[in-house]
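input_17.txt (compact mmCIF, C-alpha atoms)
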```
# COMPACT_ATOMS: atom_id res chain seq x y z
CA MET A 758 68.78 -82.65 -92.78
CA LEU A 759 65.46 -83.10 -91.00
CA ARG A 760 62.53 -84.59 -92.89
CA TRP A 761 59.26 -83.08 -91.74
CA GLY A 762 55.65 -84.18 -91.76
CA VAL A 763 52.88 -81.59 -91.38
CA LEU A 764 49.62 -82.24 -89.57
CA ALA A 765 46.72 -79.92 -90.37
CA PRO A 766 47.79 -77.78 -93.34
CA GLY A 767 46.60 -74.19 -93.30
CA ARG A 768 47.85 -70.60 -93.32
CA ILE A 769 50.15 -71.03 -90.33
CA ALA A 770 51.58 -74.29 -91.66
CA GLY A 771 52.05 -72.69 -95.07
CA GLY A 772 54.19 -69.91 -93.63
CA PHE A 773 56.35 -72.40 -91.81
CA VAL A 774 56.86 -74.67 -94.83
CA TRP A 775 57.64 -71.71 -97.09
CA ALA A 776 60.29 -70.39 -94.69
CA LEU A 777 61.70 -73.88 -94.15
CA HIS A 778 62.12 -74.55 -97.87
CA ARG A 779 63.34 -71.05 -98.74
CA HIS A 780 65.90 -70.55 -95.99
CA THR A 781 67.04 -74.00 -94.79
CA ASP A 782 68.11 -77.30 -96.32
CA GLN A 783 65.34 -79.13 -94.45
CA ARG A 784 62.35 -80.46 -96.36
CA VAL A 785 58.74 -81.37 -95.75
CA GLN A 786 58.23 -84.94 -96.95
CA ALA A 787 54.56 -85.47 -96.18
CA VAL A 788 51.32 -83.78 -95.20
CA ALA A 789 48.05 -85.06 -93.76
CA SER A 790 44.64 -83.51 -93.21
CA ARG A 791 41.13 -84.63 -92.36
CA ASP A 792 40.29 -83.19 -95.79
CA PRO A 793 42.33 -85.11 -98.45
CA GLU A 794 41.67 -82.46 -101.10
CA ARG A 795 43.00 -79.73 -98.83
CA ALA A 796 46.14 -81.77 -98.15
CA ALA A 797 46.62 -82.39 -101.87
CA ARG A 798 46.36 -78.68 -102.66
CA PHE A 799 48.83 -77.86 -99.89
CA ALA A 800 51.27 -80.48 -101.16
CA SER A 801 51.04 -79.14 -104.71
CA GLN A 802 51.55 -75.55 -103.59
CA TYR A 803 54.65 -76.29 -101.50
CA GLY A 804 56.23 -79.13 -103.46
CA ILE A 805 55.53 -81.89 -100.93
CA ALA A 806 55.88 -85.38 -102.34
CA ARG A 807 53.50 -87.37 -100.17
CA VAL A 808 49.90 -86.90 -99.04
CA HIS A 809 48.57 -89.20 -96.33
CA GLY A 810 44.92 -89.98 -95.82
CA SER A 811 45.14 -89.89 -92.03
CA TYR A 812 47.24 -88.49 -89.23
CA GLU A 813 48.06 -92.06 -88.17
CA GLN A 814 49.56 -92.81 -91.58
CA LEU A 815 51.73 -89.71 -91.46
CA VAL A 816 53.22 -90.39 -88.04
CA ALA A 817 53.98 -93.97 -89.16
CA ASP A 818 55.82 -92.78 -92.30
CA PRO A 819 59.45 -94.00 -92.06
CA ASP A 820 60.62 -91.04 -94.15
CA VAL A 821 59.37 -88.52 -91.56
CA ASP A 822 61.75 -87.60 -88.72
CA ILE A 823 59.70 -84.88 -87.05
CA VAL A 824 56.04 -83.88 -87.04
CA TYR A 825 54.91 -80.26 -87.11
CA VAL A 826 51.48 -79.83 -85.48
CA ALA A 827 49.69 -76.77 -86.86
CA SER A 828 46.09 -77.63 -85.95
CA PRO A 829 43.71 -75.54 -83.80
CA HIS A 830 44.75 -75.35 -80.15
CA SER A 831 42.15 -77.90 -79.10
CA GLU A 832 43.95 -80.59 -81.12
CA HIS A 833 47.52 -79.91 -80.01
CA LYS A 834 47.67 -82.43 -77.19
CA ARG A 835 46.03 -85.26 -79.10
CA GLN A 836 48.17 -84.84 -82.20
CA ALA A 837 51.39 -84.30 -80.24
CA LEU A 838 50.78 -87.49 -78.25
CA LEU A 839 50.01 -89.34 -81.49
CA ALA A 840 53.37 -88.35 -82.97
CA ILE A 841 55.25 -89.07 -79.74
CA ALA A 842 53.67 -92.52 -79.44
CA ALA A 843 54.95 -93.26 -82.96
CA GLY A 844 58.48 -92.34 -81.85
CA LYS A 845 58.60 -89.09 -83.82
CA HIS A 846 60.10 -85.81 -82.72
CA VAL A 847 57.45 -83.09 -82.55
CA LEU A 848 57.18 -79.31 -82.92
CA VAL A 849 53.80 -78.03 -81.73
CA GLU A 850 52.49 -74.62 -82.69
CA LYS A 851 52.04 -72.24 -79.81
CA PRO A 852 50.45 -72.58 -77.39
CA LEU A 853 51.78 -76.06 -76.64
CA ALA A 854 48.32 -77.05 -75.41
CA LEU A 855 45.04 -75.63 -74.15
CA ASN A 856 46.28 -75.34 -70.58
CA ALA A 857 49.19 -76.15 -68.31
CA ALA A 858 47.83 -79.59 -67.37
CA GLU A 859 47.74 -80.66 -71.01
CA ALA A 860 51.22 -79.25 -71.56
CA ARG A 861 52.53 -81.34 -68.66
CA ASP A 862 51.00 -84.43 -70.26
CA ILE A 863 52.87 -83.73 -73.50
CA ALA A 864 56.12 -83.12 -71.63
CA ARG A 865 55.79 -86.38 -69.67
CA ALA A 866 55.06 -88.39 -72.80
CA ALA A 867 57.98 -86.89 -74.75
CA ARG A 868 60.43 -87.48 -71.92
CA ALA A 869 59.25 -91.08 -71.48
CA ALA A 870 59.63 -91.72 -75.22
CA ASN A 871 63.00 -89.92 -75.34
CA VAL A 872 61.98 -87.85 -78.36
CA PHE A 873 62.49 -84.15 -78.99
CA ALA A 874 59.47 -81.97 -78.26
CA MET A 875 59.10 -78.19 -78.34
CA GLU A 876 56.51 -75.46 -78.57
CA ALA A 877 56.88 -73.46 -81.77
CA LEU A 878 57.41 -70.09 -80.11
CA TRP A 879 59.51 -68.82 -82.97
CA SER A 880 60.25 -65.37 -81.51
CA ARG A 881 62.55 -67.02 -78.95
CA PHE A 882 65.01 -67.92 -81.71
CA LEU A 883 65.21 -64.59 -83.55
CA PRO A 884 68.62 -62.86 -83.58
CA GLN A 885 67.20 -59.83 -81.75
CA THR A 886 65.97 -62.06 -78.92
CA LEU A 887 69.36 -63.70 -78.51
CA LEU A 888 71.03 -60.29 -78.38
CA ILE A 889 68.49 -58.89 -75.91
CA GLU A 890 69.05 -61.94 -73.73
CA ARG A 891 72.79 -61.26 -73.76
CA LEU A 892 72.27 -57.60 -72.82
CA LEU A 893 70.10 -58.68 -69.91
CA ARG A 894 72.60 -61.32 -68.79
CA ASP A 895 75.47 -58.82 -68.95
CA GLY A 896 73.54 -56.31 -66.84
CA VAL A 897 73.54 -53.58 -69.49
CA LEU A 898 70.01 -52.51 -68.56
CA GLY A 899 70.62 -52.70 -64.82
CA ASP A 900 67.81 -53.93 -62.56
CA ILE A 901 64.69 -54.46 -64.64
CA ARG A 902 61.70 -52.53 -63.32
CA LEU A 903 59.19 -52.81 -66.17
CA VAL A 904 58.29 -54.89 -69.21
CA ALA A 905 55.48 -53.44 -71.31
CA ALA A 906 54.20 -55.16 -74.42
CA ASP A 907 51.03 -55.40 -76.48
CA PHE A 908 49.72 -57.45 -79.37
CA GLY A 909 46.33 -56.64 -80.77
CA GLY A 910 44.70 -57.12 -84.14
CA ARG A 911 41.23 -56.73 -85.58
CA PHE A 912 39.94 -60.17 -86.42
CA ASP A 913 36.80 -60.69 -88.51
CA PHE A 914 34.21 -62.30 -86.28
CA ASP A 915 33.50 -65.93 -87.16
CA PRO A 916 31.89 -67.93 -84.35
CA GLU A 917 32.97 -71.20 -85.99
CA GLY A 918 36.54 -70.12 -86.76
CA ARG A 919 39.64 -70.92 -84.75
CA VAL A 920 40.01 -67.51 -83.11
CA PHE A 921 36.50 -67.10 -81.64
CA ASN A 922 35.30 -70.69 -81.20
CA PRO A 923 35.67 -71.86 -77.57
CA ALA A 924 35.62 -75.50 -78.68
CA LEU A 925 38.81 -74.84 -80.69
CA GLY A 926 40.60 -73.02 -77.89
CA GLY A 927 39.74 -69.56 -79.15
CA GLY A 928 40.52 -66.29 -77.43
CA ALA A 929 43.13 -63.55 -77.49
CA LEU A 930 45.40 -64.87 -74.73
CA LEU A 931 46.12 -68.26 -76.25
CA ASP A 932 46.35 -67.00 -79.80
CA ILE A 933 48.30 -63.71 -79.68
CA GLY A 934 48.52 -62.70 -76.03
CA ILE A 935 51.06 -65.44 -75.52
CA TYR A 936 53.69 -63.23 -77.19
CA PRO A 937 53.66 -60.36 -74.65
CA ILE A 938 53.45 -62.92 -71.85
CA TRP A 939 56.42 -64.83 -73.27
CA LEU A 940 58.49 -61.62 -73.37
CA ALA A 941 57.70 -60.91 -69.73
CA HIS A 942 58.72 -64.46 -68.80
CA LEU A 943 61.93 -64.13 -70.81
CA VAL A 944 62.95 -60.96 -68.97
CA LEU A 945 61.50 -61.44 -65.49
CA GLY A 946 60.57 -65.11 -65.26
CA PRO A 947 57.18 -66.61 -64.32
CA PRO A 948 55.24 -64.20 -62.08
CA PRO A 949 54.08 -65.09 -58.59
CA HIS A 950 51.07 -62.81 -59.01
CA VAL A 951 48.80 -62.30 -62.05
CA HIS A 952 46.01 -59.73 -62.20
CA ALA A 953 43.85 -59.68 -65.34
CA THR A 954 40.92 -57.62 -66.52
CA GLY A 955 39.22 -57.42 -69.88
CA SER A 956 36.16 -58.31 -71.91
CA LEU A 957 34.73 -61.34 -73.64
CA ALA A 958 33.81 -61.86 -77.27
CA GLN A 959 30.24 -62.80 -78.24
CA THR A 960 31.15 -66.48 -78.09
CA GLY A 961 32.41 -66.23 -74.52
CA VAL A 962 36.14 -66.43 -75.23
CA ASP A 963 38.51 -63.74 -73.96
CA GLY A 964 38.42 -60.99 -76.55
CA GLN A 965 40.57 -58.40 -74.82
CA ALA A 966 42.80 -58.56 -71.77
CA ALA A 967 45.12 -56.35 -69.77
CA LEU A 968 47.51 -58.11 -67.41
CA VAL A 969 49.66 -56.88 -64.57
CA LEU A 970 52.33 -59.36 -63.51
CA THR A 971 54.11 -58.52 -60.26
CA TYR A 972 57.40 -59.81 -58.90
CA PRO A 973 58.95 -59.94 -55.40
CA GLN A 974 61.53 -57.17 -55.98
CA GLY A 975 58.88 -54.76 -57.25
CA ALA A 976 59.27 -55.26 -61.00
CA GLN A 977 56.11 -55.34 -63.07
CA ALA A 978 54.98 -56.42 -66.51
CA LEU A 979 52.12 -54.49 -68.13
CA LEU A 980 50.71 -56.54 -70.99
CA HIS A 981 47.79 -56.15 -73.37
CA THR A 982 46.12 -58.17 -76.09
CA THR A 983 42.92 -57.81 -78.09
CA LEU A 984 41.05 -59.35 -81.01
CA PHE A 985 39.07 -56.15 -81.60
CA ALA A 986 41.59 -53.53 -82.76
CA GLU A 987 45.02 -53.07 -84.27
CA THR A 988 47.55 -51.96 -81.65
CA PRO A 989 51.15 -50.69 -81.93
CA GLN A 990 52.52 -54.19 -81.15
CA GLU A 991 55.55 -52.67 -79.46
CA ALA A 992 57.53 -53.71 -76.42
CA VAL A 993 59.68 -51.92 -73.86
CA ILE A 994 62.13 -53.22 -71.26
CA ALA A 995 63.02 -50.56 -68.68
CA GLY A 996 65.95 -50.95 -66.33
CA THR A 997 67.79 -48.74 -63.90
CA HIS A 998 70.65 -48.23 -66.39
CA ALA A 999 68.92 -48.19 -69.77
CA LEU A 1000 65.66 -48.40 -71.71
CA LEU A 1001 65.29 -50.92 -74.54
CA GLN A 1002 62.54 -50.23 -77.07
CA ILE A 1003 61.73 -53.06 -79.49
CA ASP A 1004 60.27 -52.10 -82.86
CA SER A 1005 56.64 -52.65 -83.78
CA ARG A 1006 55.78 -56.31 -84.32
CA PHE A 1007 58.31 -57.10 -81.63
CA PHE A 1008 57.76 -60.82 -82.12
CA THR A 1009 59.07 -60.78 -85.74
CA PRO A 1010 62.55 -60.06 -87.15
CA GLY A 1011 63.31 -56.38 -86.61
CA GLY A 1012 65.36 -54.18 -84.39
CA PHE A 1013 65.52 -52.21 -81.19
CA THR A 1014 66.87 -49.00 -79.70
CA LEU A 1015 68.87 -48.88 -76.48
CA LYS A 1016 68.80 -45.56 -74.61
CA ALA A 1017 71.03 -44.89 -71.60
CA ALA A 1018 69.25 -43.64 -68.49
CA ARG A 1019 69.37 -39.86 -67.92
CA SER A 1020 71.20 -39.41 -71.21
CA ASP A 1021 70.52 -38.70 -74.87
CA GLN A 1022 72.90 -41.50 -75.88
CA ARG A 1023 71.17 -44.05 -78.11
CA LEU A 1024 72.35 -47.21 -79.79
CA ARG A 1025 70.41 -48.71 -82.68
CA TRP A 1026 70.45 -52.39 -83.71
CA THR A 1027 68.66 -53.85 -86.73
CA ASP A 1028 68.51 -57.45 -87.90
CA ALA A 1029 70.76 -57.62 -90.95
CA SER A 1030 69.79 -61.15 -91.98
CA GLY A 1031 67.34 -59.86 -94.57
CA LEU A 1032 64.55 -62.08 -93.23
CA HIS A 1033 61.20 -60.38 -92.75
CA GLY A 1034 57.91 -61.41 -91.19
CA SER A 1035 57.24 -65.14 -91.24
CA GLU A 1036 60.58 -65.75 -92.94
CA GLY A 1037 61.91 -65.60 -89.39
CA LEU A 1038 60.38 -69.03 -88.80
CA ALA A 1039 63.54 -70.37 -90.43
CA TRP A 1040 65.53 -69.49 -87.31
CA GLN A 1041 63.29 -71.76 -85.27
CA ALA A 1042 63.59 -74.61 -87.77
CA ALA A 1043 67.38 -74.27 -87.80
CA ALA A 1044 67.45 -74.35 -83.98
CA VAL A 1045 65.32 -77.51 -83.89
CA ALA A 1046 67.62 -79.25 -86.36
CA LEU A 1047 70.68 -78.24 -84.32
CA HIS A 1048 69.16 -79.42 -81.03
CA ILE A 1049 68.23 -82.80 -82.51
CA SER A 1050 71.66 -83.23 -84.12
CA GLU A 1051 73.16 -82.64 -80.68
CA GLY A 1052 71.05 -85.44 -79.25
CA ARG A 1053 68.83 -83.13 -77.22
CA THR A 1054 65.21 -83.92 -76.42
CA GLU A 1055 64.38 -80.34 -75.40
CA SER A 1056 65.54 -76.91 -76.47
CA PRO A 1057 67.89 -75.23 -73.99
CA LEU A 1058 66.41 -71.90 -75.09
CA HIS A 1059 62.76 -72.87 -74.82
CA PRO A 1060 62.42 -76.08 -72.78
CA LEU A 1061 59.07 -77.65 -72.08
CA GLU A 1062 58.99 -76.26 -68.54
CA HIS A 1063 58.93 -72.77 -70.05
CA SER A 1064 55.89 -73.70 -72.13
CA VAL A 1065 54.16 -75.07 -69.04
CA ALA A 1066 54.95 -71.84 -67.14
CA LEU A 1067 53.51 -69.70 -69.95
CA LEU A 1068 50.28 -71.65 -69.82
CA GLU A 1069 50.16 -71.36 -66.03
CA THR A 1070 50.14 -67.57 -66.43
CA ILE A 1071 47.53 -67.77 -69.19
CA ASP A 1072 45.42 -70.17 -67.11
CA ALA A 1073 45.45 -67.69 -64.22
CA ALA A 1074 44.49 -64.78 -66.47
CA ARG A 1075 41.74 -66.66 -68.30
CA ALA A 1076 40.25 -67.86 -65.03
CA GLN A 1077 39.92 -64.27 -63.86
CA LEU A 1078 38.42 -63.07 -67.15
CA LEU A 1079 35.96 -65.92 -67.59
CA THR A 1080 34.61 -65.70 -64.04
CA SER A 1081 34.45 -61.92 -63.65
```
For the file at hand, write its structure as structure tokens.
Amino acid sequence: MLRWGVLAPGRIAGGFVWALHRHTDQRVQAVASRDPERAARFASQYGIARVHGSYEQLVADPDVDIVYVASPHSEHKRQALLAIAAGKHVLVEKPLALNAAEARDIARAARAANVFAMEALWSRFLPQTLLIERLLRDGVLGDIRLVAADFGGRFDFDPEGRVFNPALGGGALLDIGIYPIWLAHLVLGPPPHVHATGSLAQTGVDGQAALVLTYPQGAQALLHTTLFAETPQEAVIAGTHALLQIDSRFFTPGGFTLKAARSDQRLRWTDASGLHGSEGLAWQAAAVALHISEGRTESPLHPLEHSVALLETIDAARAQLLTS
């Protein structure tokens, strides 16, 4: 049973701790925040025994096996390296860092310290993802020609908040656009060519982006993300043999429909686990515990090199948007 420490309690951390306690036998032992009162409230709400007055105290806690970093993106590298230097395993909320260079720094440090490190890209561990991966591996869809996915939401504008503040790593691509990009990487791999267009928010961060990823054999990924409007949040994988349509909120527990090419034949699959929304974070926590029990320092499903590759694509897209 893993004993967790949480750095930077907030809404995202709350969802993770709730799913962890409700659906696994793992427990959060300690929490730390720059605001002691906030940490105390979080601990009371989620039944956490220990509140530390600093991040340094938490990573030094002998009763903590693994640190969950749920801070704004700008703090991911610093806090991950702090935990790694203390010899703790670490799970860092997506994105792993602000850019690919920072992600490489985290990967190097974790490998040198021989501790487990992973980006918390929870969608990778959902049952539907594992089944889709198997269908792709078995060639059920044929040659993949297209991945199309979008994730947009209407966020209230707050220039000081995490989503719109450039100093905190704000912007659509790092915050929610990473999900469509991850799906394209899962199906087609990292793209050799990235073309991005879009618009900026008032604070200068990327507010909306459309990406075209192109691959040597002619396959494409058409991806979209925005902070300005709610979108269908659907995804499609089109192959020469079949079309796979993932339900809305494709990055959460759900289902998909598989339709044979040039046929009315359809097969429907729905996640029967009973987990909904952020409850699906439990799958990620269970995978981390399994990997660590096996003596692994990286996830075979989502190794650090995959996180670096995701950020390389995001870096390329952001560079185009911020200089256009």
For segment 772-789 of chain A: contacts at 8 Å, only C-alpha atoms, fewer than 5 positions along chain excluded, given as number ranges by chain: A: 758-766, 796, 799-800, 803, 805-812, 815, 820-821, 1035-1039, 1042-1043
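The smallest atom-to-atom distance between Glu850 of chain A and any of A:Ala999, A:Gln1041, A:Gly918, A:Thr1014, using only C-alpha atoms, is found for A:Gln1041.
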Residue nearest Arg791 of chain A - candidates A:Thr1070, A:Ala1046, A:Glu813, A:Asn871, atoms counted: only C-alpha atoms: A:Glu813
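In terms of minimum interatomic distance to Val816 of chain A, A:Val847 ranks closest within A:Val897, A:Ala992, A:Val847, A:Ala976, counting only C-alpha atoms.
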Residue neighbourhood segment 856-865 of chain A, 7 Å, only C-alpha atoms, exclusion window fewer than 3 positions, as a list in words: Lys834, Ala837, Leu838, Leu853, Arg868, Ala869, Leu1061, Val1065, Leu1068, Glu1069 and Asp1072 of chain A
Top pick for closest residue to Gly1012 of chain A, considering A:Leu984, A:Leu887, A:Ala840, A:Ala867 and counting all atoms listed in the file: A:Leu887
Counting all atoms listed in the file, the option among A:Val951, A:Ala1044, A:Leu925, A:Ala958 closest to His833 of chain A: A:Leu925
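Closest approach to Asp900 of chain A among A:Gln974, A:His830, A:Thr988, A:Asp963: A:Gln974, based on all atoms listed in the file.
Note that the spacing between atom CA of Arg894 of chain A and atom CA of Ser1020 of chain A amounts to 22.1 Å.
Atom CA of Thr1027 of chain A sits 26.5 Å away from atom CA of Gly771 of chain A.
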Specify the axis-aligned box that encloses all atoms of segment 1032-1037 of chain A listed in the file after padding of 4 Å on each side, stating its centre and edge lengths in Å to one decimal as lines of an AutoDock Vina configuration file.
```
center_x = 60.9
center_y = -63.1
center_z = -91.3
size_x = 15.3
size_y = 13.4
size_z = 11.8
```
Straight-line distance linking atom CA of Leu888 of chain A with atom CA of Trp1026 of chain A, stated in Å to one decimal: 9.5 Å
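Neighbours of segment 926-938 of chain A closer than or equal to 7 Å, with all atoms listed in the file counted and sequence neighbours fewer than 2 positions away skipped, come out as His830, Ser831, Pro852, Leu855, Ala906, Asp907, Phe908, Arg919, Val920, Phe921, Asn922, Pro923, Ala924, Leu940, Ala941, His942, Val962, Asp963, Gly964, Gln965, Leu980, Thr982, Thr983, Leu984, Phe1008 and Ile1071 of chain A.
For segment 1077-1081 of chain A, the residues within 9 Å (counting all atoms listed in the file, excluding itself and residues fewer than 5 positions away along the chain) are His952, Ala953, Thr954, Gly955, Ser956, Leu957, Gly961, Val962, Asp963, Ala966 and Asp1072 of chain A.
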Exercise: Gly899 of chain A partners within 6 Å, all atoms listed in the file, chain neighbours under 2 positions left out, as a ChimeraX atom specification: /A:896-897,996-998
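Protein and nucleic acid residues near (62.3, -91.0, -77.9) are A:Ile841, A:Ala842, A:Ala843, A:Gly844, A:Lys845, A:His846, A:Ala866, A:Ala867, A:Arg868, A:Ala869, A:Ala870, A:Asn871, A:Val872, A:Phe873, A:Ala874, A:Thr1054, the criterion being any atom at most 10 Å away using only C-alpha atoms.
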